[in-house]
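J.: Following this message is one structure expressed as structure tokens.
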Amino acid sequence: MRYDNAMTSESRHFIDMKEILGIQYECPECHARISYAMDTVPLHQPFRCKGCGVGIDNSDSGCMENLVRTIKHLQSRGEAIKYFRLEIAGESA
């Protein structure tokens, strides 16, 4: 467990659930990128490239669906989870 109340030179980046606006899929075959807003993510169907048709396997597709559902649920909680944030990687200097 880490706490942020000490002064350090390390830069840390945190986001609130409401800051997650969408999800992006990059095709492993042709490297085309497809972006979806959170309310348009295609649930109940595999992520599939619109260019070459390659998709992620079913187990990964199920995990992605669970991730999107979890994010949407947490976003719907509003103020109840305002103290919960995710740490993301920042740009390297």
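Identifiers in this document derive from the order of the structure tokens: chains are assigned A, B, ..., residues are numbered from 1 separately in each chain, and ligands are numbered from 1 in order of occurrence.
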Excluding region 49-59 of chain A and its own-chain neighbours fewer than 5 positions away, which residues fall within 9 Å of it when counting only C-alpha atoms? Please give them as an MDAnalysis selection string.
T.: chainID A and resid 25:30 32:34 64
J.: Quick one: pick out all strand (DSSP E) residues within chain A from a backbone DSSP run and write them as an MDAnalysis selection string.
T.: chainID A and resid 13:16 22:26 33:37 85:88
J.: Within chain A, find each residue whose DSSP state, derived from the backbone, is helix (DSSP H, G or I), and express the selection as an MDAnalysis selection string.
T.: chainID A and resid 17:19 38:40 58:76 78:81
J.: Let me see the file: selected residues, N, CA, C and O atoms, as a tab-separated table (two decimals), in the first residue's frame.
T.:
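Result file follows (result.tsv):
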chain	number	residue	atom	x	y	z
A	17	MET	N	-13.08	7.52	-12.08
A	17	MET	CA	-13.87	6.67	-12.98
A	17	MET	C	-14.55	7.51	-14.05
A	17	MET	O	-14.65	7.10	-15.20
A	18	LYS	N	-15.02	8.70	-13.70
A	18	LYS	CA	-15.74	9.54	-14.67
A	18	LYS	C	-14.82	10.03	-15.79
A	18	LYS	O	-15.30	10.47	-16.83
A	19	GLU	N	-13.50	9.93	-15.60
A	19	GLU	CA	-12.57	10.36	-16.64
A	19	GLU	C	-12.34	9.29	-17.72
A	19	GLU	O	-11.72	9.57	-18.73
A	38	MET	N	-17.63	4.88	-24.12
A	38	MET	CA	-18.08	3.87	-23.16
A	38	MET	C	-19.51	3.42	-23.43
A	38	MET	O	-19.83	2.25	-23.26
A	39	ASP	N	-20.38	4.31	-23.90
A	39	ASP	CA	-21.77	3.92	-24.13
A	39	ASP	C	-21.99	3.22	-25.47
A	39	ASP	O	-23.09	2.79	-25.78
A	40	THR	N	-20.93	3.09	-26.28
A	40	THR	CA	-21.08	2.41	-27.57
A	40	THR	C	-20.20	1.16	-27.69
A	40	THR	O	-20.13	0.58	-28.77
A	58	ASN	N	-12.21	-15.58	-27.43
A	58	ASN	CA	-13.41	-15.52	-26.61
A	58	ASN	C	-13.14	-15.24	-25.14
A	58	ASN	O	-13.89	-14.53	-24.50
A	59	SER	N	-12.07	-15.81	-24.57
A	59	SER	CA	-11.79	-15.57	-23.16
A	59	SER	C	-11.41	-14.11	-22.92
A	59	SER	O	-11.85	-13.50	-21.95
A	60	ASP	N	-10.62	-13.53	-23.82
A	60	ASP	CA	-10.27	-12.12	-23.70
A	60	ASP	C	-11.49	-11.24	-23.94
A	60	ASP	O	-11.67	-10.22	-23.28
A	61	SER	N	-12.34	-11.64	-24.86
A	61	SER	CA	-13.55	-10.88	-25.15
A	61	SER	C	-14.45	-10.83	-23.92
A	61	SER	O	-15.01	-9.78	-23.59
A	62	GLY	N	-14.57	-11.95	-23.22
A	62	GLY	CA	-15.37	-12.00	-21.99
A	62	GLY	C	-14.79	-11.10	-20.91
A	62	GLY	O	-15.52	-10.41	-20.20
A	63	CYS	N	-13.47	-11.08	-20.79
A	63	CYS	CA	-12.81	-10.21	-19.81
A	63	CYS	C	-13.03	-8.74	-20.16
A	63	CYS	O	-13.27	-7.92	-19.28
A	64	MET	N	-12.94	-8.41	-21.45
A	64	MET	CA	-13.18	-7.03	-21.87
A	64	MET	C	-14.61	-6.61	-21.56
A	64	MET	O	-14.86	-5.50	-21.10
A	65	GLU	N	-15.56	-7.50	-21.80
A	65	GLU	CA	-16.96	-7.19	-21.49
A	65	GLU	C	-17.13	-6.95	-20.00
A	65	GLU	O	-17.79	-6.00	-19.58
A	66	ASN	N	-16.50	-7.80	-19.16
A	66	ASN	CA	-16.57	-7.60	-17.71
A	66	ASN	C	-15.93	-6.29	-17.29
A	66	ASN	O	-16.45	-5.59	-16.41
A	67	LEU	N	-14.81	-5.95	-17.90
A	67	LEU	CA	-14.14	-4.69	-17.58
A	67	LEU	C	-15.04	-3.50	-17.90
A	67	LEU	O	-15.22	-2.60	-17.08
A	68	VAL	N	-15.63	-3.49	-19.09
A	68	VAL	CA	-16.51	-2.39	-19.49
A	68	VAL	C	-17.71	-2.30	-18.57
A	68	VAL	O	-18.08	-1.20	-18.12
A	69	ARG	N	-18.32	-3.43	-18.24
A	69	ARG	CA	-19.47	-3.43	-17.32
A	69	ARG	C	-19.07	-2.88	-15.94
A	69	ARG	O	-19.82	-2.13	-15.32
A	70	THR	N	-17.88	-3.26	-15.46
A	70	THR	CA	-17.42	-2.79	-14.16
A	70	THR	C	-17.19	-1.28	-14.18
A	70	THR	O	-17.62	-0.57	-13.26
A	71	ILE	N	-16.54	-0.79	-15.22
A	71	ILE	CA	-16.31	0.65	-15.33
A	71	ILE	C	-17.64	1.40	-15.37
A	71	ILE	O	-17.83	2.39	-14.65
A	72	LYS	N	-18.58	0.93	-16.19
A	72	LYS	CA	-19.89	1.58	-16.28
A	72	LYS	C	-20.61	1.57	-14.94
A	72	LYS	O	-21.23	2.56	-14.54
A	73	HIS	N	-20.52	0.45	-14.23
A	73	HIS	CA	-21.17	0.36	-12.91
A	73	HIS	C	-20.56	1.38	-11.94
A	73	HIS	O	-21.27	2.11	-11.26
A	74	LEU	N	-19.22	1.41	-11.90
A	74	LEU	CA	-18.56	2.36	-10.99
A	74	LEU	C	-18.87	3.79	-11.37
A	74	LEU	O	-19.09	4.64	-10.50
A	75	GLN	N	-18.94	4.10	-12.66
A	75	GLN	CA	-19.30	5.45	-13.10
A	75	GLN	C	-20.72	5.81	-12.66
A	75	GLN	O	-20.98	6.95	-12.31
A	76	SER	N	-21.61	4.84	-12.67
A	76	SER	CA	-23.00	5.11	-12.29
A	76	SER	C	-23.14	5.40	-10.80
A	76	SER	O	-24.13	5.96	-10.37
A	78	GLY	N	-21.42	7.47	-9.11
A	78	GLY	CA	-21.24	8.91	-8.89
A	78	GLY	C	-20.43	9.25	-7.65
A	78	GLY	O	-19.30	8.78	-7.47
A	79	GLU	N	-21.02	10.05	-6.80
A	79	GLU	CA	-20.34	10.55	-5.60
A	79	GLU	C	-19.95	9.44	-4.62
A	79	GLU	O	-19.04	9.62	-3.83
A	80	ALA	N	-20.61	8.31	-4.70
A	80	ALA	CA	-20.32	7.22	-3.76
A	80	ALA	C	-18.90	6.69	-3.91
A	80	ALA	O	-18.35	6.13	-2.96
A	81	ILE	N	-18.29	6.88	-5.07
A	81	ILE	CA	-16.93	6.38	-5.27
A	81	ILE	C	-15.95	7.49	-5.63
A	81	ILE	O	-14.91	7.24	-6.21
J.: What is the distance between CA of His31 (chain A) and CA of Glu87 (chain A), in Å to one decimal?
T.: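 So the answer is 26.3 Å.
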J.: Have a look at CA of Ile15 (chain A) and CA of Phe84 (chain A) and let me know their distance in Å, one decimal.
T.: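 Going from CA of Ile15 (chain A) over to CA of Phe84 (chain A) covers 8.8 Å.
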J.: Can you work out which one of A:Gly90, A:Arg77, A:Ser35, A:Arg48 has the shortest atom-to-atom distance to Ile23 (chain A), counting only C-alpha atoms?
T.: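 Answer, going by the shortest atom-to-atom distance: A:Ser35.
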J.: Record the distance separating CA of Gly22 (chain A) and CA of Arg85 (chain A), expressed in Å with one decimal.
T.: 16.3 Å
